[in-house]
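Visitor: I have a structure I would like to understand better, so I am pasting it below and will then ask my questions one at a time.
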Amino acid sequence: MDSQNDKPDGKADNKADDGVQSSRRRFVGTVAAGIAGGAALAPGLAQAQAGAPATNPPRPLTPPPYPKPPFQRQKQEWPGLASKMTPRPDHGETTYRGSGRLTGRRALITGGDSGMGRAAAIAYAREGADVAINYLPAEEPDAREVADLIRQAGRKAVLIPGDLRDENFCKRLVADAARQLGGLDILVSNAARQQSLPSILDLSTAEMDQTFKTNLYAMFWIVKAAVPLMPQGSSIIVTASVQAYDPSPNLLAYASTKAAQVAFVKALAKQLAEKGIRVNAVAPGPIWTPLQVTGGQTQEGLEKFGSDSPLKRPGQPGELAGAYVNLASSESSYTTGQVYGVTGGAGFP
Ligand code: NAD
Ligand code: MG
């Protein structure tokens, strides 16, 4: 499905602007005017002289009081909706503030409807990127919320639902995203399947197959389709997991795919260095997302979710936005083949 932008130029009106985006635009406008006015300054200097502090009020020193365990038991049918979780996850909807770090970039994010993918989509749009997201058709309500947020940031939103377990769909997804965005320079391979099973004797070949197809084959198909389209300076980001390093006994199939993703990222980074495409992973710890309430955890596990972490709570998806922005932005030009852990203090990676 294509995006439905209100305006022919693909830039929607910024009706629900909380002031952050407009102040960013004012700020960017001031800098641009300074440069156009003949001030031959390096951008950084121009920025300082344009009075960044005045248009960039301080951010809160501490995060909001994020929920801690115990959590209410809850189960949704896979793939689930963020909007039906109790409490609702925070993807940075009301908090993430951009500062033009990805202006003009074009990003495709799988699993962009909820969880880490949604947090990355919101942040990328507020940093100035146009964003295409993929998700399963059952997740349309979550996806529409994300599309609205991208458009409220003044950027183009492209919605491409479909099942990544199909190689032909993966190829079409990348081609469609690049066509509708006018190119592709950020790819976030983030969609995944996770099902908790107590014993290898409960793990069917079909479940093993679904997990490997979603987490590994789809990543391979998408990246393979994207690489020929990506210019020098592009960034590929894979959402891996602490499970790659410290696997839970009930996540045998899932943890195996996450370890394989890390090896894939590290090998591919070496392969693509010559092309100037960087490849990195984000490795989250326990994060409050639909993945966990759709079979990813046992009900007991859900109740105490995040209690093992030194911060004694699960992370919220929005708390990972900075990692995705950082790895995508050109300020990270010497960072490739790395795994960025966001774990609440656990020791891996
Ligand atoms: P999530 O449920 O919000 O996101 C997973 C997404 O995968 C879904 O929204 C869905 O759109 C997509 N997906 C799954 N199967 C698909 C298929 N066949 N076709 C198309 N899309 C499909 O949960 P999340 O936790 O944000 O997961 C995002 C990433 O984070 C995953 O790679 C997951 O392994 C990783 N991760 C999550 C945690 C955690 O605690 N939540 C921890 C470490 C890593
Ligand atoms: Mg989802």
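Labels for the structure tokens follow display order: chains A, B, ..., residues from 1 in each chain, ligands from 1.
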Residues contacting ligand 2 - anything with an atom at most 8 Å away, using only C-alpha atoms and all ligand atoms - can you give me those as an MDAnalysis selection string?
Guide: chainID A and resid 79:82 111:115 135:136 139 142:143 290:291
Visitor: Report as number ranges by chain which protein, DNA and RNA residues come within 6 Å of ligand 1, using only C-alpha atoms and all ligand atoms.
Guide: A: 111, 113-117, 135-136, 162-165, 190-193, 214, 239-241, 284-291
Visitor: If you run DSSP on the backbone, which residues of region 83-301 of chain A are strand (DSSP E), as a ChimeraX atom specification?
Guide: /A:106-110,130-135,157-161,186-189,235-239,278-284
Visitor: Now that the selection is made, can you save its residues with N, CA and C atoms as a tab-separated table (two decimals), in the first residue's frame?
Guide:
chain	number	residue	atom	x	y	z
A	106	ARG	N	16.82	8.60	3.28
A	106	ARG	CA	15.69	7.75	2.93
A	106	ARG	C	15.87	6.38	3.58
A	107	ALA	N	14.94	6.04	4.48
A	107	ALA	CA	15.12	4.84	5.32
A	107	ALA	C	14.01	3.83	5.10
A	108	LEU	N	14.39	2.57	5.07
A	108	LEU	CA	13.43	1.46	5.11
A	108	LEU	C	13.64	0.71	6.42
A	109	ILE	N	12.54	0.52	7.16
A	109	ILE	CA	12.60	-0.17	8.46
A	109	ILE	C	11.61	-1.33	8.45
A	110	THR	N	12.08	-2.56	8.65
A	110	THR	CA	11.14	-3.68	8.78
A	110	THR	C	10.67	-3.75	10.24
A	130	ASP	N	12.85	10.70	5.18
A	130	ASP	CA	11.62	10.07	4.73
A	130	ASP	C	11.73	8.59	5.07
A	131	VAL	N	10.60	7.99	5.45
A	131	VAL	CA	10.67	6.64	6.03
A	131	VAL	C	9.63	5.70	5.44
A	132	ALA	N	10.09	4.52	4.98
A	132	ALA	CA	9.19	3.44	4.59
A	132	ALA	C	9.21	2.38	5.67
A	133	ILE	N	8.03	1.88	6.03
A	133	ILE	CA	7.99	0.79	7.02
A	133	ILE	C	7.29	-0.43	6.44
A	134	ASN	N	7.77	-1.58	6.86
A	134	ASN	CA	7.13	-2.86	6.54
A	134	ASN	C	6.62	-3.49	7.83
A	135	TYR	N	5.54	-4.25	7.70
A	135	TYR	CA	4.90	-4.90	8.85
A	135	TYR	C	3.94	-5.93	8.29
A	157	ALA	N	5.83	9.34	4.49
A	157	ALA	CA	5.67	7.99	5.07
A	157	ALA	C	5.22	7.04	3.97
A	158	VAL	N	5.90	5.91	3.86
A	158	VAL	CA	5.52	4.90	2.87
A	158	VAL	C	5.21	3.62	3.63
A	159	LEU	N	3.99	3.08	3.43
A	159	LEU	CA	3.58	1.87	4.15
A	159	LEU	C	3.59	0.69	3.17
A	160	ILE	N	4.37	-0.34	3.50
A	160	ILE	CA	4.44	-1.52	2.62
A	160	ILE	C	4.24	-2.78	3.46
A	161	PRO	N	2.96	-3.17	3.70
A	161	PRO	CA	2.73	-4.39	4.47
A	161	PRO	C	3.08	-5.62	3.64
A	186	ILE	N	19.38	4.26	4.20
A	186	ILE	CA	19.37	3.64	5.53
A	186	ILE	C	18.46	2.41	5.45
A	187	LEU	N	18.97	1.27	5.90
A	187	LEU	CA	18.15	0.06	5.96
A	187	LEU	C	18.23	-0.50	7.37
A	188	VAL	N	17.07	-0.64	8.02
A	188	VAL	CA	17.03	-1.24	9.35
A	188	VAL	C	16.30	-2.58	9.25
A	189	SER	N	17.05	-3.67	9.37
A	189	SER	CA	16.46	-5.01	9.36
A	189	SER	C	16.14	-5.36	10.80
A	235	SER	N	23.95	3.26	5.42
A	235	SER	CA	24.09	2.53	6.68
A	235	SER	C	23.06	1.41	6.77
A	236	ILE	N	23.55	0.21	7.09
A	236	ILE	CA	22.66	-0.92	7.34
A	236	ILE	C	22.72	-1.23	8.83
A	237	ILE	N	21.54	-1.36	9.45
A	237	ILE	CA	21.49	-1.64	10.89
A	237	ILE	C	20.59	-2.85	11.10
A	238	VAL	N	21.11	-3.83	11.82
A	238	VAL	CA	20.34	-5.04	12.13
A	238	VAL	C	20.02	-5.01	13.62
A	239	THR	N	18.75	-5.29	13.97
A	239	THR	CA	18.43	-5.42	15.40
A	239	THR	C	18.75	-6.85	15.82
A	278	ARG	N	28.27	1.15	5.68
A	278	ARG	CA	28.54	0.66	7.03
A	278	ARG	C	27.45	-0.31	7.48
A	279	VAL	N	27.86	-1.32	8.25
A	279	VAL	CA	26.91	-2.34	8.72
A	279	VAL	C	27.13	-2.56	10.21
A	280	ASN	N	26.09	-2.31	10.99
A	280	ASN	CA	26.20	-2.45	12.45
A	280	ASN	C	24.95	-3.11	13.01
A	281	ALA	N	25.03	-3.49	14.27
A	281	ALA	CA	23.86	-4.08	14.95
A	281	ALA	C	23.55	-3.30	16.21
A	282	VAL	N	22.27	-3.30	16.59
A	282	VAL	CA	21.86	-2.86	17.92
A	282	VAL	C	21.48	-4.13	18.67
A	283	ALA	N	21.97	-4.27	19.89
A	283	ALA	CA	21.64	-5.46	20.69
A	283	ALA	C	20.87	-5.04	21.94
A	284	PRO	N	19.53	-5.05	21.86
A	284	PRO	CA	18.74	-4.66	23.04
A	284	PRO	C	18.74	-5.74	24.10
Visitor: Using DSSP on the backbone, list every residue of region 62-218 of chain A that comes out as alpha helix (DSSP H), and give them as a PyMOL selection string.
Guide: chain A and resi 115-126+140-152+167-181+205-212+218
Visitor: For the interface of region 138-213 of chain A with region 227-232 of chain A (cut-off 8 Å, counting only C-alpha atoms), please tabulate each contacting residue of region 138-213 of chain A alongside its nearest pair of atoms and their separation in Å to one decimal, rows sorted by chain and increasing number, as JSON lines.
Guide:
{"residue": "A:Ala178", "atom": "CA", "partner": "A:Leu229", "partner_atom": "CA", "distance": 7.8}
{"residue": "A:Gly183", "atom": "CA", "partner": "A:Leu229", "partner_atom": "CA", "distance": 7.3}
{"residue": "A:Leu184", "atom": "CA", "partner": "A:Met230", "partner_atom": "CA", "distance": 5.7}
{"residue": "A:Asp185", "atom": "CA", "partner": "A:Met230", "partner_atom": "CA", "distance": 5.4}
Visitor: Write the selection just made, keeping all heavy atoms, as a PDB file, in the first residue's frame?
Guide:
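Now in selection.pdb:
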ATOM      1  N   ALA A 178      12.534   1.917  -2.332  1.00  0.00           N
ATOM      2  CA  ALA A 178      13.506   2.797  -2.994  1.00  0.00           C
ATOM      3  C   ALA A 178      12.814   3.660  -4.053  1.00  0.00           C
ATOM      4  O   ALA A 178      13.109   4.852  -4.190  1.00  0.00           O
ATOM      5  CB  ALA A 178      14.624   1.977  -3.619  1.00  0.00           C
ATOM      6  N   GLY A 183      15.104   6.652  -3.573  1.00  0.00           N
ATOM      7  CA  GLY A 183      16.443   6.155  -3.234  1.00  0.00           C
ATOM      8  C   GLY A 183      16.409   5.500  -1.859  1.00  0.00           C
ATOM      9  O   GLY A 183      15.360   5.470  -1.204  1.00  0.00           O
ATOM     10  N   LEU A 184      17.565   4.973  -1.467  1.00  0.00           N
ATOM     11  CA  LEU A 184      17.622   4.278  -0.172  1.00  0.00           C
ATOM     12  C   LEU A 184      19.034   4.419   0.393  1.00  0.00           C
ATOM     13  O   LEU A 184      20.008   4.021  -0.266  1.00  0.00           O
ATOM     14  CB  LEU A 184      17.282   2.794  -0.384  1.00  0.00           C
ATOM     15  CG  LEU A 184      17.121   1.943   0.860  1.00  0.00           C
ATOM     16  CD1 LEU A 184      15.895   2.381   1.670  1.00  0.00           C
ATOM     17  CD2 LEU A 184      16.971   0.460   0.474  1.00  0.00           C
ATOM     18  N   ASP A 185      19.162   5.009   1.584  1.00  0.00           N
ATOM     19  CA  ASP A 185      20.498   5.076   2.186  1.00  0.00           C
ATOM     20  C   ASP A 185      20.548   4.630   3.650  1.00  0.00           C
ATOM     21  O   ASP A 185      21.608   4.626   4.257  1.00  0.00           O
ATOM     22  CB  ASP A 185      21.144   6.462   1.995  1.00  0.00           C
ATOM     23  CG  ASP A 185      20.159   7.602   2.185  1.00  0.00           C
ATOM     24  OD1 ASP A 185      19.448   7.557   3.203  1.00  0.00           O
ATOM     25  OD2 ASP A 185      20.095   8.501   1.319  1.00  0.00           O
TER      26      ASP A 185
END
Visitor: Which residues, written as a VMD selection string, have at least one atom at most 10 Å from region 63-74 of chain A, with only C-alpha atoms counted and residues fewer than 3 positions away on the same chain left out?
Guide: chain A and resid 59 to 60 84 to 90 95 288 292 to 294 298 to 307 311 to 316 319
Visitor: If you measure from CA of Ala119 (chain A) to CA of Leu320 (chain A), what distance in Å do you get, rounded to one decimal?
Guide: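 Calculated distance between CA of Ala119 (chain A) and CA of Leu320 (chain A) is 7.2 Å.
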Visitor: Under the rule that only C-alpha atoms are counted, which of A:Phe169, A:Tyr245, A:Tyr96, A:Tyr124 is the nearest residue to Trp221 (chain A)?
Guide: A:Phe169
Visitor: Figure out the distance between CA of Val223 (chain A) and CA of Gly295 (chain A), please, to one decimal in Å.
Guide: 27.4 Å
Visitor: May I ask for the distance between CA of Arg118 (chain A) and CA of Asp176 (chain A), given in Å to one decimal place?
Guide: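 Going from CA of Arg118 (chain A) over to CA of Asp176 (chain A), I get 19.6 Å.
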